[in-house]
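Engineer: Starting off with a structure, shown below.
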Amino acid sequence: MTSRTGRLLIRILIIDADETARLELARYLETRGFYVSGCRDLAAANAAIDDNMPDVIFADLPPAQIESLADRLEDMESLTPIVACSATECSKHVVDALRAGAADFVLKPFGKDKKALGDVIRKLLDRVRVGRLNQLYRQELEDANRDLRDGIAELRADQSAGRKVQLRMLPENERFTGGLYVDHLIKPSLYLSGDFLDYFALTDDKTLVYIADVSGHGASSAFVTVLLKNLSNRLQRNLRRGSSDDILYPERFLERINSELLDTGLGKHVTIFVGIISLSERKLQYAVGAHFPMPVLSFEGGETAFLEGSGLPVGLFESPQWEVYEVPLDKPFHLILFSDGILEVIDKKSLDEKEQRLLELVSGGRHTVASLSEALNLDEITELPDDIGIVTVTDTGSVSENTSLK
């Protein structure tokens with residue numbers, strides 16, 4: 001007796017102690033394509049509901065039992081409507097049934113007013129269709145949410161692994177190299193950072209330091225930081241082998257990065273500052289790949305200022321050229337490099353005011369990562385608008401016996 005109404009298989013349960021009335025309604029509903037089952041009382045109906053939840057219930061029950069049935073359906077999180085049936089036309093009986101939880105009311109005998117019964121059935125069909133669609137959408141939403149949770153968990157695991165890789169690529173903190181004390185800080189706005197930095201001795205006399213900011217955020221930007229580390233390692237090996245000395249020249253270092261970025265086809269570019277410090281010659285040579293803000297150079301007991309210079313971003317043009325700048329280091333000095341994320345956390349309105357604040361901090365003796373982080377409250381900020389990178393370079397000749405590098 002399984003039939004379909006439209007595209008829906010509708011199951012109807014009739015609860016009525018009057019077997020004649022129950023069979024009459026069942027025949028009427030079956031001829032219209034419904035799957036119908038019947039019970040004499042509420043106890044039998046509860047057992048039937050446990051076996052197979054109906055889509056609609058017609059019930060000739062007193063209001064108290066209708067309320068009990070409605071409560072049970074609610075506990076089962078079922079949207080099955082109850083249609084109260086009765087031979088009485090007393091308005092109070094109708095109102096009591098509706099208040100008890102019935103969705104509609106029909107008079108018995110059912111053949112007396114088939115138009116009214118047909119109207120009720122049409123409304124029930126619409127309600128069942130909506131309920132089925134809601135159930136389908138809810139299931140689809142639950143499936144999508146489950147897939148999303150699984151995807152997010154996998155993404156977090158991947159990002160956590162990527163973060164560990166990035167941290168391992170960074171140089172040692174508080175490192176002495178070539179007569180310089182160098183330290184750094186990286187604070188990503190997300191799991192993975194688009195900021196990167198490195199410093200290492202090229203020779204006994206020369207030290208290279210750079211800070212880079214990859215366009216965008218996330219995994220693709222983090223991939224470029226791996227490329228930067230890999231390239232600098234290869235160029236260092238080439239220098240030791242004598243096969244290439246590109247890394248001794250800031251502009252050629254940028255050219256190599258530019259070429260490899262274009263070859264990846266990622267559509268990523270980098271803003272970067274790269275400097276080479278020679279203590280024997282007491283000079284800093286550097287090139288600028290659209291990096292901002294420029295590093296701050298502070299001489300012991302003397303001037304504190306941003307370095308001058310400009311240049312094209314790296315990774316956008318086929319054959320760019322970069323100018324090499326040179327600054328004498330005739331006094332003990334501090335060199336501080338920042339990524340542009342530092343400007344986002346300085347509580348000033350204009351860019352000039354933000355830059356002035358950086359100068360004030362450095363000229364006021366904030367030469368180390370720890371002191372700058374404290375002055376800018378970086379440890380207190382939980383959600384950064386952008387990645388932050390800082391490198392501090394201190395000429396060890398500028399540190400007196402009573403001055404701490406920490």
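We name chains A, B, ... following the order of the structure tokens; residues begin at 1 in each chain, and ligands are numbered from 1 as shown.
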Just asking: which residues within stretch 2-162 of chain A are strand (DSSP E) according to DSSP, as a list in words?

Structural biologist: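 Filtering stretch 2-162 of chain A to strand (DSSP E) leaves Arg11, Ile12, Leu13, Ile14, Ile15, Tyr35, Val36, Ser37, Gly38, Cys39, Val56, Ile57, Phe58, Ala59, Ile82, Val83, Ala84, Cys85, Ser86, Asp104, Phe105, Val106 and Leu107 of chain A.
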
Engineer: May I have the selected residues written with C-alpha atoms, as a PDB file, in the first residue's frame?

Structural biologist:
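See out.pdb below for the written result:
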```pdb
ATOM      1  CA  ARG A  11       3.056   8.392   5.988  1.00  0.00           C
ATOM      2  CA  ILE A  12      -0.129   9.101   7.965  1.00  0.00           C
ATOM      3  CA  LEU A  13      -1.037   7.616  11.335  1.00  0.00           C
ATOM      4  CA  ILE A  14      -4.699   7.564  12.431  1.00  0.00           C
ATOM      5  CA  ILE A  15      -5.469   7.227  16.156  1.00  0.00           C
ATOM      6  CA  TYR A  35       0.591   5.426   3.131  1.00  0.00           C
ATOM      7  CA  VAL A  36      -1.784   4.957   6.085  1.00  0.00           C
ATOM      8  CA  SER A  37      -1.609   3.003   9.322  1.00  0.00           C
ATOM      9  CA  GLY A  38      -4.036   3.031  12.258  1.00  0.00           C
ATOM     10  CA  CYS A  39      -4.108   2.564  16.033  1.00  0.00           C
ATOM     11  CA  VAL A  56       1.028  13.487   9.862  1.00  0.00           C
ATOM     12  CA  ILE A  57      -1.133  12.221  12.728  1.00  0.00           C
ATOM     13  CA  PHE A  58      -4.945  12.297  12.754  1.00  0.00           C
ATOM     14  CA  ALA A  59      -6.039  11.781  16.378  1.00  0.00           C
ATOM     15  CA  ILE A  82      -1.323  16.579  14.790  1.00  0.00           C
ATOM     16  CA  VAL A  83      -4.821  16.970  13.314  1.00  0.00           C
ATOM     17  CA  ALA A  84      -7.469  16.660  16.021  1.00  0.00           C
ATOM     18  CA  CYS A  85     -10.638  14.775  15.016  1.00  0.00           C
ATOM     19  CA  SER A  86     -13.962  14.839  16.817  1.00  0.00           C
ATOM     20  CA  ASP A 104      -5.667  21.681  12.816  1.00  0.00           C
ATOM     21  CA  PHE A 105      -9.114  20.245  13.471  1.00  0.00           C
ATOM     22  CA  VAL A 106     -11.575  18.185  11.362  1.00  0.00           C
ATOM     23  CA  LEU A 107     -15.114  17.061  12.133  1.00  0.00           C
TER      24      LEU A 107
END
```

Engineer: Could you give me the residues within stretch 236-351 of chain A that DSSP places in helix (DSSP H, G or I), as a list in words?

Structural biologist: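 Of stretch 236-351 of chain A, the ones in helix (DSSP H, G or I) are Gln236, Arg237, Asn238, Leu239, Arg240, Arg241, Asp246, Ile247, Leu248, Pro250, Glu251, Arg252, Phe253, Leu254, Glu255, Arg256, Ile257, Asn258, Ser259, Glu260, Leu261, Leu262, Asp263, Thr264, Gly341, Ile342, Leu343, Glu344 and Leu351 of chain A.
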
Engineer: Set the distance at 8 Å and use only C-alpha atoms: which residues neighbour stretch 65-69 of chain A once local chain neighbours fewer than 6 positions away are removed? I'd like the list as a list of chain:residue names.

Structural biologist: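 Counting only C-alpha atoms, the residues come to A:Leu42, A:Ala59, A:Ala84, A:Ala97, A:Ala100, A:Gly101, A:Ala102.
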
Engineer: Excluding A:Arg175 and residues on its chain fewer than 6 positions from it, collect all residues at most 10 Å away from it, counting only C-alpha atoms, and give them as a VMD selection string.

Structural biologist: chain A and resid 181 to 184 199 to 200 393

Engineer: Could you take the residues named above and write them with N, CA and C atoms, as a PDB file, in the first residue's frame?

Structural biologist:
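Done, and the output landed in result_31.pdb:
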```
ATOM      1  N   TYR A 181      76.442  42.220  17.047  1.00  0.00           N
ATOM      2  CA  TYR A 181      75.425  41.509  17.818  1.00  0.00           C
ATOM      3  C   TYR A 181      74.103  41.724  17.093  1.00  0.00           C
ATOM      4  N   VAL A 182      73.469  40.632  16.672  1.00  0.00           N
ATOM      5  CA  VAL A 182      72.248  40.717  15.876  1.00  0.00           C
ATOM      6  C   VAL A 182      71.140  39.924  16.564  1.00  0.00           C
ATOM      7  N   ASP A 183      69.952  40.504  16.576  1.00  0.00           N
ATOM      8  CA  ASP A 183      68.787  39.840  17.150  1.00  0.00           C
ATOM      9  C   ASP A 183      67.584  40.133  16.263  1.00  0.00           C
ATOM     10  N   HIS A 184      66.513  39.382  16.461  1.00  0.00           N
ATOM     11  CA  HIS A 184      65.343  39.575  15.595  1.00  0.00           C
ATOM     12  C   HIS A 184      64.050  39.185  16.313  1.00  0.00           C
ATOM     13  N   TYR A 199      70.241  36.851   8.600  1.00  0.00           N
ATOM     14  CA  TYR A 199      71.550  37.497   8.713  1.00  0.00           C
ATOM     15  C   TYR A 199      72.589  36.409   8.900  1.00  0.00           C
ATOM     16  N   PHE A 200      73.742  36.626   8.305  1.00  0.00           N
ATOM     17  CA  PHE A 200      74.807  35.621   8.360  1.00  0.00           C
ATOM     18  C   PHE A 200      76.117  36.270   7.913  1.00  0.00           C
ATOM     19  N   VAL A 393      70.769  45.365  14.793  1.00  0.00           N
ATOM     20  CA  VAL A 393      72.191  45.103  14.588  1.00  0.00           C
ATOM     21  C   VAL A 393      72.974  46.106  15.427  1.00  0.00           C
TER      22      VAL A 393
END
```

Engineer: Between atom CA of A:Thr264 and atom CA of A:Lys187, what distance in Å does the model show, to one decimal?

Structural biologist: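 It comes out at 26.2 Å.
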
Engineer: Set the distance at 12 Å and use only C-alpha atoms: which residues neighbour A:Leu231 once local chain neighbours fewer than 4 positions away are removed? I'd like the list as a list in words.

Structural biologist: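 With the cut-off at 12 Å, the set is Asp198, Val224, Thr225, Val226, Leu227, Leu235, Gln236, Arg237, Asn238, Asp246, Ile247, Phe253, Leu254, Glu255, Arg256, Ile257, Asn258, Ser259, Glu260 and Leu261 of chain A.
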
Engineer: Go ahead and save the residues from that selection, with C-alpha atoms, as a short mmCIF file (atom, residue, chain, number, x, y, z; two decimals), in the first residue's frame.

Structural biologist:
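Final output, saved to selection.cif:
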```
data_model
loop_
_atom_site.label_atom_id
_atom_site.label_comp_id
_atom_site.auth_asym_id
_atom_site.auth_seq_id
_atom_site.Cartn_x
_atom_site.Cartn_y
_atom_site.Cartn_z
CA ASP A 198 67.99 36.58 7.84
CA VAL A 224 58.16 32.57 -0.98
CA THR A 225 59.97 32.84 2.37
CA VAL A 226 61.16 29.26 1.82
CA LEU A 227 62.41 30.31 -1.60
CA LEU A 235 74.41 31.61 -2.87
CA GLN A 236 76.44 31.14 0.31
CA ARG A 237 77.51 27.69 -0.89
CA ASN A 238 78.41 29.12 -4.27
CA ASP A 246 76.56 37.27 -6.32
CA ILE A 247 75.80 37.34 -2.63
CA PHE A 253 71.28 39.39 -4.64
CA LEU A 254 68.01 41.19 -5.51
CA GLU A 255 68.42 40.25 -9.17
CA ARG A 256 68.66 36.58 -8.26
CA ILE A 257 65.55 36.79 -6.07
CA ASN A 258 63.70 38.61 -8.86
CA SER A 259 64.57 35.93 -11.41
CA GLU A 260 63.52 33.04 -9.21
CA LEU A 261 60.26 34.71 -8.18
#
```

Engineer: From the list A:Val130, A:Leu351, A:Ile121, A:Gly151, which residue is nearest A:Gly33 when using only C-alpha atoms?

Structural biologist: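 Between A:Val130, A:Leu351, A:Ile121, A:Gly151, the residue approaching A:Gly33 most closely is A:Ile121.
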
Engineer: A:Tyr286: which residues within 9 Å, counting only C-alpha atoms, same-chain residues fewer than 5 positions away excluded, as a list in words?

Structural biologist: Tyr249, Pro250, Glu251, Phe273, Val274, Gly275, Ile276, Ile277, Gly309, Glu323, Val324, Tyr325, Glu326 and Val327 of chain A

Engineer: Could you state the separation of atom CA of A:Lys354 and atom CA of A:Leu312 in Å, given to one decimal place?

Structural biologist: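 A separation of 23.3 Å between them.
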
Engineer: Need the shell around A:Ser339: protein/DNA/RNA residues with any atom at most 8 Å away, counting only C-alpha atoms. Skip same-chain ones fewer than 5 positions apart. Format as a list in words?

Structural biologist: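 Contacts, with the query itself left out: Asp195, Ile211, Ala212, Asp213, His291, Phe292, Pro293, Asp387, Ile388, Gly389 and Ile390 of chain A.
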